[in-house]
file coords05.cif (mmCIF, C-alpha atoms and all ligand atoms)
data_data
loop_
_atom_site.label_atom_id
_atom_site.label_comp_id
_atom_site.auth_asym_id
_atom_site.auth_seq_id
_atom_site.Cartn_x
_atom_site.Cartn_y
_atom_site.Cartn_z
CA MET A 32 0.00 0.00 0.00
CA VAL A 33 1.11 3.57 -0.57
CA SER A 34 2.09 4.34 2.98
CA ASP A 35 1.94 8.08 3.52
CA GLU A 36 1.04 11.48 2.21
CA MET A 37 4.57 12.20 0.96
CA THR A 38 4.64 9.00 -1.10
CA THR A 39 1.24 9.88 -2.57
CA GLN A 40 2.48 13.34 -3.55
CA GLU A 41 5.74 11.98 -5.00
CA THR A 42 3.81 9.39 -6.98
CA ALA A 43 1.57 12.11 -8.44
CA LYS A 44 4.67 14.11 -9.40
CA THR A 45 6.24 11.05 -11.02
CA ARG A 46 3.07 10.45 -13.05
CA ALA A 47 2.99 14.11 -14.16
CA ARG A 48 6.69 14.03 -15.18
CA TYR A 49 6.29 10.88 -17.28
CA ASN A 50 3.07 12.20 -18.82
CA ARG A 51 5.00 15.31 -19.79
CA ILE A 52 7.97 13.50 -21.41
CA ALA A 53 5.98 10.61 -22.95
CA PRO A 54 5.74 12.08 -26.48
CA VAL A 55 9.53 12.56 -26.68
CA TYR A 56 10.68 9.67 -24.47
CA ASP A 57 11.76 7.35 -27.29
CA LEU A 58 13.61 10.20 -28.97
CA MET A 59 15.40 11.08 -25.72
CA GLU A 60 16.56 7.48 -25.40
CA ILE A 61 17.45 6.88 -29.04
CA PHE A 62 21.21 6.53 -28.53
CA SER A 63 21.23 4.76 -25.16
CA GLU A 64 18.60 2.30 -26.42
CA ARG A 65 21.16 0.66 -28.75
CA ARG A 66 23.14 -0.23 -25.65
CA PHE A 67 20.03 -1.45 -23.80
CA VAL A 68 18.86 -3.92 -26.46
CA PRO A 69 21.25 -6.81 -25.55
CA TRP A 70 20.47 -6.24 -21.88
CA ARG A 71 16.74 -6.45 -22.56
CA GLU A 72 17.31 -9.68 -24.55
CA LYS A 73 19.30 -11.15 -21.69
CA LEU A 74 16.62 -10.30 -19.15
CA TRP A 75 13.82 -11.87 -21.20
CA SER A 76 15.92 -15.00 -21.84
CA LEU A 77 15.66 -15.65 -18.08
CA ILE A 78 11.86 -15.52 -18.01
CA PRO A 79 10.00 -18.83 -18.11
CA ASP A 80 6.83 -19.36 -20.12
CA GLY A 81 3.61 -18.40 -18.36
CA GLN A 82 1.85 -15.33 -16.98
CA VAL A 83 4.33 -12.45 -16.73
CA LEU A 84 3.86 -9.03 -15.16
CA GLU A 85 5.88 -6.11 -16.49
CA VAL A 86 5.70 -3.05 -14.26
CA GLY A 87 6.62 0.37 -15.59
CA VAL A 88 6.09 -0.82 -19.15
CA GLY A 89 6.65 2.78 -20.30
CA THR A 90 6.46 3.28 -24.06
CA GLY A 91 6.65 -0.49 -24.60
CA LYS A 92 10.34 -0.90 -25.40
CA ASN A 93 10.31 -4.48 -24.14
CA LEU A 94 7.43 -5.58 -26.36
CA PRO A 95 9.66 -6.94 -29.18
CA PHE A 96 11.45 -9.21 -26.70
CA HIS A 97 8.46 -10.94 -25.13
CA PRO A 98 8.91 -14.74 -25.36
CA SER A 99 6.28 -16.51 -27.46
CA GLY A 100 5.29 -18.76 -24.54
CA SER A 101 4.46 -15.86 -22.24
CA GLU A 102 1.32 -13.85 -21.73
CA VAL A 103 2.47 -10.43 -20.57
CA THR A 104 0.45 -7.90 -18.61
CA GLY A 105 2.07 -4.47 -18.65
CA VAL A 106 1.24 -1.77 -16.13
CA ASP A 107 2.37 1.83 -15.79
CA LEU A 108 1.55 4.87 -13.72
CA SER A 109 1.50 7.25 -16.69
CA GLU A 110 -1.42 7.08 -19.11
CA ARG A 111 0.60 8.90 -21.76
CA MET A 112 3.50 6.44 -21.58
CA LEU A 113 0.88 3.67 -21.84
CA ALA A 114 -0.64 5.33 -24.91
CA GLN A 115 2.75 5.07 -26.63
CA ALA A 116 3.01 1.42 -25.58
CA GLN A 117 -0.50 0.78 -26.92
CA GLN A 118 0.56 2.02 -30.38
CA LYS A 119 3.47 -0.45 -30.37
CA ALA A 120 1.26 -3.25 -29.04
CA GLU A 121 -1.15 -2.83 -31.97
CA LYS A 122 1.70 -3.67 -34.35
CA MET A 123 2.58 -6.92 -32.56
CA ASP A 124 1.22 -10.26 -33.70
CA TYR A 125 0.28 -11.28 -30.17
CA ALA A 126 -1.92 -9.81 -27.46
CA ILE A 127 -0.60 -7.84 -24.53
CA GLU A 128 -2.78 -6.43 -21.78
CA LEU A 129 -1.85 -2.88 -20.77
CA ARG A 130 -3.26 -1.29 -17.62
CA GLU A 131 -2.81 1.97 -15.76
CA MET A 132 -1.66 1.03 -12.28
CA ASP A 133 0.74 2.01 -9.51
CA THR A 134 3.32 -0.68 -8.78
CA GLN A 135 3.14 0.31 -5.11
CA GLN A 136 -0.52 -0.77 -5.04
CA LEU A 137 -1.14 -3.50 -7.58
CA ASP A 138 -4.72 -4.42 -8.35
CA PHE A 139 -3.97 -8.15 -8.72
CA ALA A 140 -4.70 -11.05 -6.40
CA ASP A 141 -1.87 -12.84 -4.59
CA ASP A 142 0.05 -15.35 -6.75
CA SER A 143 -1.44 -14.08 -10.04
CA PHE A 144 1.82 -14.35 -12.00
CA ASP A 145 4.59 -16.86 -12.71
CA ALA A 146 7.20 -14.12 -13.07
CA ALA A 147 7.65 -10.35 -13.07
CA ILE A 148 10.09 -8.01 -14.71
CA ALA A 149 10.92 -4.31 -14.72
CA THR A 150 13.49 -2.32 -16.67
CA PHE A 151 14.70 1.06 -15.44
CA VAL A 152 11.64 1.55 -13.22
CA PHE A 153 12.65 1.42 -9.56
CA CYS A 154 14.78 4.54 -10.00
CA SER A 155 11.53 6.49 -10.18
CA VAL A 156 9.20 4.65 -7.78
CA PRO A 157 8.82 6.84 -4.66
CA ALA A 158 8.57 3.88 -2.22
CA PRO A 159 10.63 1.14 -3.89
CA VAL A 160 10.48 -1.29 -0.95
CA VAL A 161 6.68 -1.14 -1.11
CA GLY A 162 6.73 -1.57 -4.89
CA LEU A 163 9.02 -4.58 -4.70
CA SER A 164 7.03 -6.16 -1.86
CA GLU A 165 3.94 -5.89 -4.04
CA ARG A 166 5.85 -7.83 -6.69
CA ALA A 167 6.57 -10.56 -4.16
CA ARG A 168 2.87 -10.71 -3.31
CA VAL A 169 1.54 -11.10 -6.85
CA VAL A 170 4.23 -13.52 -8.08
CA LYS A 171 3.85 -17.13 -7.01
CA PRO A 172 6.42 -18.29 -4.42
CA GLY A 173 9.66 -19.22 -6.19
CA GLY A 174 8.65 -17.27 -9.32
CA SER A 175 11.32 -15.19 -11.07
CA ILE A 176 11.54 -11.46 -10.48
CA VAL A 177 14.15 -9.95 -12.77
CA LEU A 178 15.13 -6.29 -12.91
CA LEU A 179 17.37 -4.18 -15.08
CA GLU A 180 18.25 -1.01 -13.19
CA HIS A 181 20.73 1.82 -13.22
CA VAL A 182 22.06 2.35 -9.71
CA ARG A 183 24.47 4.40 -7.60
CA ILE A 184 28.16 3.87 -8.39
CA GLU A 185 29.93 2.82 -5.18
CA ARG A 186 33.57 2.94 -6.36
CA PRO A 187 35.28 5.31 -6.64
CA ALA A 188 33.39 6.90 -3.75
CA ILE A 189 33.65 10.35 -5.31
CA LEU A 190 31.44 9.28 -8.23
CA GLY A 191 28.75 8.05 -5.83
CA LYS A 192 28.91 11.37 -3.97
CA LEU A 193 28.63 13.27 -7.25
CA MET A 194 25.53 11.22 -8.11
CA ASP A 195 24.06 12.06 -4.67
CA TRP A 196 24.69 15.73 -5.33
CA LEU A 197 23.18 15.72 -8.84
CA ASP A 198 20.22 13.52 -7.91
CA PRO A 199 17.67 16.26 -7.01
CA LEU A 200 18.31 18.01 -10.33
CA VAL A 201 17.93 14.80 -12.36
CA VAL A 202 14.73 13.91 -10.49
CA ARG A 203 13.25 17.29 -11.35
CA MET A 204 14.16 16.99 -15.03
CA MET A 205 13.62 13.28 -15.68
CA GLY A 206 11.65 11.91 -12.73
CA ALA A 207 14.31 9.30 -11.98
CA HIS A 208 16.80 8.96 -9.12
CA ILE A 209 20.40 8.24 -10.15
CA ASN A 210 21.62 7.16 -6.70
CA ARG A 211 19.40 4.23 -5.78
CA ARG A 212 20.90 1.02 -4.33
CA THR A 213 18.24 -1.19 -5.86
CA ALA A 214 19.96 -4.56 -5.29
CA ASP A 215 19.90 -3.81 -1.53
CA THR A 216 16.29 -2.64 -1.79
CA VAL A 217 15.29 -5.93 -3.40
CA GLN A 218 16.62 -7.73 -0.34
CA LYS A 219 14.95 -5.27 2.04
CA ALA A 220 11.64 -6.00 0.31
CA GLY A 221 12.04 -9.68 1.26
CA LEU A 222 12.80 -11.06 -2.20
CA GLU A 223 15.39 -13.84 -2.47
CA VAL A 224 18.28 -12.59 -4.61
CA ASP A 225 19.87 -15.31 -6.77
CA TRP A 226 22.51 -13.15 -8.39
CA VAL A 227 23.38 -9.63 -9.44
CA GLU A 228 25.40 -8.93 -12.57
CA ASP A 229 27.16 -5.70 -13.48
CA LEU A 230 26.30 -4.87 -17.09
CA ALA A 231 27.87 -1.44 -17.45
CA ALA A 232 31.22 -0.09 -16.28
CA ARG A 233 31.55 0.51 -12.51
CA GLY A 234 28.30 -1.34 -11.89
CA LEU A 235 26.18 1.57 -13.17
CA VAL A 236 23.60 -0.84 -14.65
CA LYS A 237 22.76 -4.09 -12.92
CA LEU A 238 20.77 -7.18 -13.80
CA ILE A 239 19.14 -8.31 -10.55
CA VAL A 240 17.80 -11.85 -10.59
CA ALA A 241 15.55 -12.70 -7.65
CA ARG A 242 12.67 -14.92 -6.62
CA SER A 243 9.40 -14.41 -4.83
CA PRO A 244 9.81 -15.80 -1.31
CA SER A 245 7.77 -18.54 0.28
CA ARG A 246 4.85 -17.07 2.21
CA ASN A 247 5.75 -18.75 5.52
CA GLY A 248 8.43 -17.05 7.59
CA THR A 249 8.92 -13.84 5.61
CA GLY A 250 5.67 -12.18 6.64
CA ILE A 251 5.04 -11.04 3.06
C1 LIG B 1 12.52 5.24 -17.13
S1 LIG B 1 10.94 4.71 -17.64
C2 LIG B 1 11.30 3.04 -18.20
C3 LIG B 1 10.25 2.51 -19.12
C4 LIG B 1 10.50 1.10 -19.66
N1 LIG B 1 10.45 0.11 -18.61
C5 LIG B 1 11.80 1.01 -20.44
O1 LIG B 1 12.60 0.13 -20.16
O2 LIG B 1 11.97 1.82 -21.35
C6 LIG B 1 10.13 4.40 -16.06
C7 LIG B 1 8.67 4.04 -16.20
O3 LIG B 1 8.20 3.62 -14.91
C8 LIG B 1 6.92 4.17 -14.71
N2 LIG B 1 6.67 4.27 -13.26
C9 LIG B 1 7.29 5.07 -12.37
N3 LIG B 1 6.78 4.89 -11.15
C10 LIG B 1 5.80 3.96 -11.28
C11 LIG B 1 4.89 3.36 -10.37
N4 LIG B 1 4.86 3.71 -9.08
N5 LIG B 1 4.04 2.43 -10.85
C12 LIG B 1 4.03 2.07 -12.16
N6 LIG B 1 4.86 2.62 -13.07
C13 LIG B 1 5.74 3.55 -12.63
C14 LIG B 1 6.97 5.53 -15.39
O4 LIG B 1 5.68 6.04 -15.68
C15 LIG B 1 7.78 5.20 -16.64
O5 LIG B 1 6.96 4.78 -17.70
#
call {"tool": "encode", "arguments": {"input": "coords05.cif", "output": "structure tokens", "more": "lines below"}}
Ligand SMILES: C[S@@+](CC[C@H](N)C(=O)[O-])C[C@H]1O[C@@H](n2cnc3c(N)ncnc32)[C@H](O)[C@@H]1O
result
Amino acid sequence: MVSDEMTTQETAKTRARYNRIAPVYDLMEIFSERRFVPWREKLWSLIPDGQVLEVGVGTGKNLPFHPSGSEVTGVDLSERMLAQAQQKAEKMDYAIELREMDTQQLDFADDSFDAAIATFVFCSVPAPVVGLSERARVVKPGGSIVLLEHVRIERPAILGKLMDWLDPLVVRMMGAHINRRTADTVQKAGLEVDWVEDLAARGLVKLIVARSPSRNGTGI
């Protein structure tokens, strides 16, 4: 659940920012996207057939990589990002369900999905522990939860400090934090981390491969 007033306000701001940049989002990412493609392919290669939830589907950049054995439900906070994704979805030769929804408060029953993914999303979720715990709730115990995220650089320390300093400015412009420690957050949310792989230099982008925990013992 969205826990407090500040989270609610931050979530509204995040929605407004992504609604604002939606029409130019793909253009803004045109050069970095070439780099992201192999990372997206790698992430999807880890997803088993079945019901898959993609949170923060954005403009639908992952749509071309969906495995043929999966039925993907994509959710996003921003209706304008979703509208871009819908245009891409109409060109695909398979169905994808797209829904406007906050990942901190998913409108799905427990154990609805076999797996969940997100790419470059938890940098902009105001309460990431809540958002990741929701993922654990809707994915069946033992189901894969795989994330591709840019995170805070830890070494050299000066780069991390620079990211901390620049973060408020980047949030205002882009709606995303550049100094999140998302692999740690995944653990804090009670997910079982299998492995974390550095994809970009200095660990700037990480593939985080985790599983939904068993319901007994974790309290989730
Ligand atoms: C940086 S974009 C990434 C989009 C896409 N996953 C990709 O790889 O291109 C982040 C997306 O997460 C969405 N988002 C941010 N906070 C969210 C939340 N609380 N619930 C659902 N979506 C959220 C934004 O609206 C935006 O579309």
call {"tool": "residues_around", "arguments": {"input": "coords05.cif", "residues": "stretch 147-156 of chain A", "least_positions_apart": "5", "cutoff": "7 Å", "atoms": "all atoms listed in the file", "output": "list in words"}}
result
Val83, Leu84, Glu85, Val86, Gly87, Val170, Ser175, Ile176, Val177, Leu178, Leu179, Glu180, His181, Gly206, Ala207, His208, Ile209 and Arg211 of chain A
call {"tool": "closest_residue", "arguments": {"input": "coords05.cif", "among": "A:Lys219, A:Arg212, A:Arg130, A:Arg66", "to": "A:Val161", "atoms": "all atoms listed in the file"}}
result
A:Lys219
call {"tool": "residues_near_point", "arguments": {"input": "coords05.cif", "point": "(22.2, -8.0, -5.6)", "cutoff": "7 Å", "atoms": "all atoms listed in the file", "output": "PyMOL selection string"}}
result
chain A and resi 214-215+224+226-227+239
call {"tool": "atom_distance", "arguments": {"input": "coords05.cif", "atom1": "atom CA of A:Asp225", "atom2": "atom CA of A:Val240"}}
result
5.6 Å
call {"tool": "atom_distance", "arguments": {"input": "coords05.cif", "atom1": "atom CA of A:Arg166", "atom2": "atom CA of A:Lys73"}}
result
20.4 Å
call {"tool": "residues_around", "arguments": {"input": "coords05.cif", "residues": "A:Val217", "least_positions_apart": "3", "cutoff": "9 Å", "atoms": "all atoms listed in the file", "output": "JSON, numbers by chain"}}
result
{"A": [159, 160, 163, 164, 212, 213, 214, 220, 221, 222, 223, 224, 239, 241]}
call {"tool": "residues_around", "arguments": {"input": "coords05.cif", "residues": "A:Phe67", "least_positions_apart": "4", "cutoff": "10 Å", "atoms": "all atoms listed in the file", "output": "PDB file with C-alpha atoms, keeping the file's coordinate frame"}}
result
ATOM      1  CA  GLU A  60      16.560   7.480 -25.400  1.00  0.00           C
ATOM      2  CA  PHE A  62      21.210   6.530 -28.530  1.00  0.00           C
ATOM      3  CA  SER A  63      21.230   4.760 -25.160  1.00  0.00           C
ATOM      4  CA  ARG A  71      16.740  -6.450 -22.560  1.00  0.00           C
ATOM      5  CA  GLU A  72      17.310  -9.680 -24.550  1.00  0.00           C
ATOM      6  CA  LYS A  73      19.300 -11.150 -21.690  1.00  0.00           C
ATOM      7  CA  LYS A  92      10.340  -0.900 -25.400  1.00  0.00           C
ATOM      8  CA  THR A 150      13.490  -2.320 -16.670  1.00  0.00           C
ATOM      9  CA  LEU A 179      17.370  -4.180 -15.080  1.00  0.00           C
ATOM     10  CA  LEU A 230      26.300  -4.870 -17.090  1.00  0.00           C
ATOM     11  CA  VAL A 236      23.600  -0.840 -14.650  1.00  0.00           C
TER      12      VAL A 236
END
call {"tool": "axis_aligned_box", "arguments": {"input": "coords05.cif", "around": "stretch 231-235 of chain A", "padding_each_side": "8 Å", "output": "lines of an AutoDock Vina configuration file"}}
result
center_x = 28.9
center_y = 0.1
center_z = -14.7
size_x = 21.4
size_y = 19.0
size_z = 21.6
call {"tool": "residues_around", "arguments": {"input": "coords05.cif", "residues": "A:Val169", "least_positions_apart": "6", "cutoff": "9 Å", "atoms": "all atoms listed in the file", "output": "VMD selection string"}}
result
chain A and resid 84 137 139 to 147 243
call {"tool": "write_last_selection", "arguments": {"input": "coords05.cif", "atoms": "C-alpha atoms", "output": "compact mmCIF listing (two decimals), in the frame of the given file"}}
result
# COMPACT_ATOMS: atom_id res chain seq x y z
CA LEU A 84 3.86 -9.03 -15.16
CA LEU A 137 -1.14 -3.50 -7.58
CA PHE A 139 -3.97 -8.15 -8.72
CA ALA A 140 -4.70 -11.05 -6.40
CA ASP A 141 -1.87 -12.84 -4.59
CA ASP A 142 0.05 -15.35 -6.75
CA SER A 143 -1.44 -14.08 -10.04
CA PHE A 144 1.82 -14.35 -12.00
CA ASP A 145 4.59 -16.86 -12.71
CA ALA A 146 7.20 -14.12 -13.07
CA ALA A 147 7.65 -10.35 -13.07
CA SER A 243 9.40 -14.41 -4.83
call {"tool": "atom_distance", "arguments": {"input": "coords05.cif", "atom1": "atom CA of A:Gly91", "atom2": "atom CA of A:Met204"}}
result
21.3 Å
call {"tool": "residues_around", "arguments": {"input": "coords05.cif", "residues": "A:Leu94", "least_positions_apart": "3", "cutoff": "9 Å", "atoms": "all atoms listed in the file", "output": "list in words"}}
result
Val88, Gly91, His97, Ala116, Lys119, Ala120, Met123 and Ile127 of chain A
call {"tool": "closest_residue", "arguments": {"input": "coords05.cif", "among": "A:Gln218, A:Asp35, A:Ile189, A:Asp107", "to": "A:Pro157", "atoms": "all atoms listed in the file"}}
result
A:Asp35
call {"tool": "closest_residue", "arguments": {"input": "coords05.cif", "among": "A:Ala167, A:Val106, A:Leu129, A:Leu200", "to": "ligand LIG 1 (chain B)", "atoms": "all atoms listed in the file"}}
result
A:Val106
call {"tool": "closest_residue", "arguments": {"input": "coords05.cif", "among": "A:Thr104, A:Ser99, A:Ser109, A:Thr38", "to": "ligand LIG 1 (chain B)", "atoms": "all atoms listed in the file"}}
result
A:Ser109
call {"tool": "closest_residue", "arguments": {"input": "coords05.cif", "among": "A:Thr45, A:Asn210, A:Gln40, A:Thr216", "to": "ligand LIG 1 (chain B)", "atoms": "all atoms listed in the file"}}
result
A:Thr45
call {"tool": "closest_residue", "arguments": {"input": "coords05.cif", "among": "A:Gly81, A:Gly89, A:Gly162, A:Gly234", "to": "ligand LIG 1 (chain B)", "atoms": "all atoms listed in the file"}}
result
A:Gly89
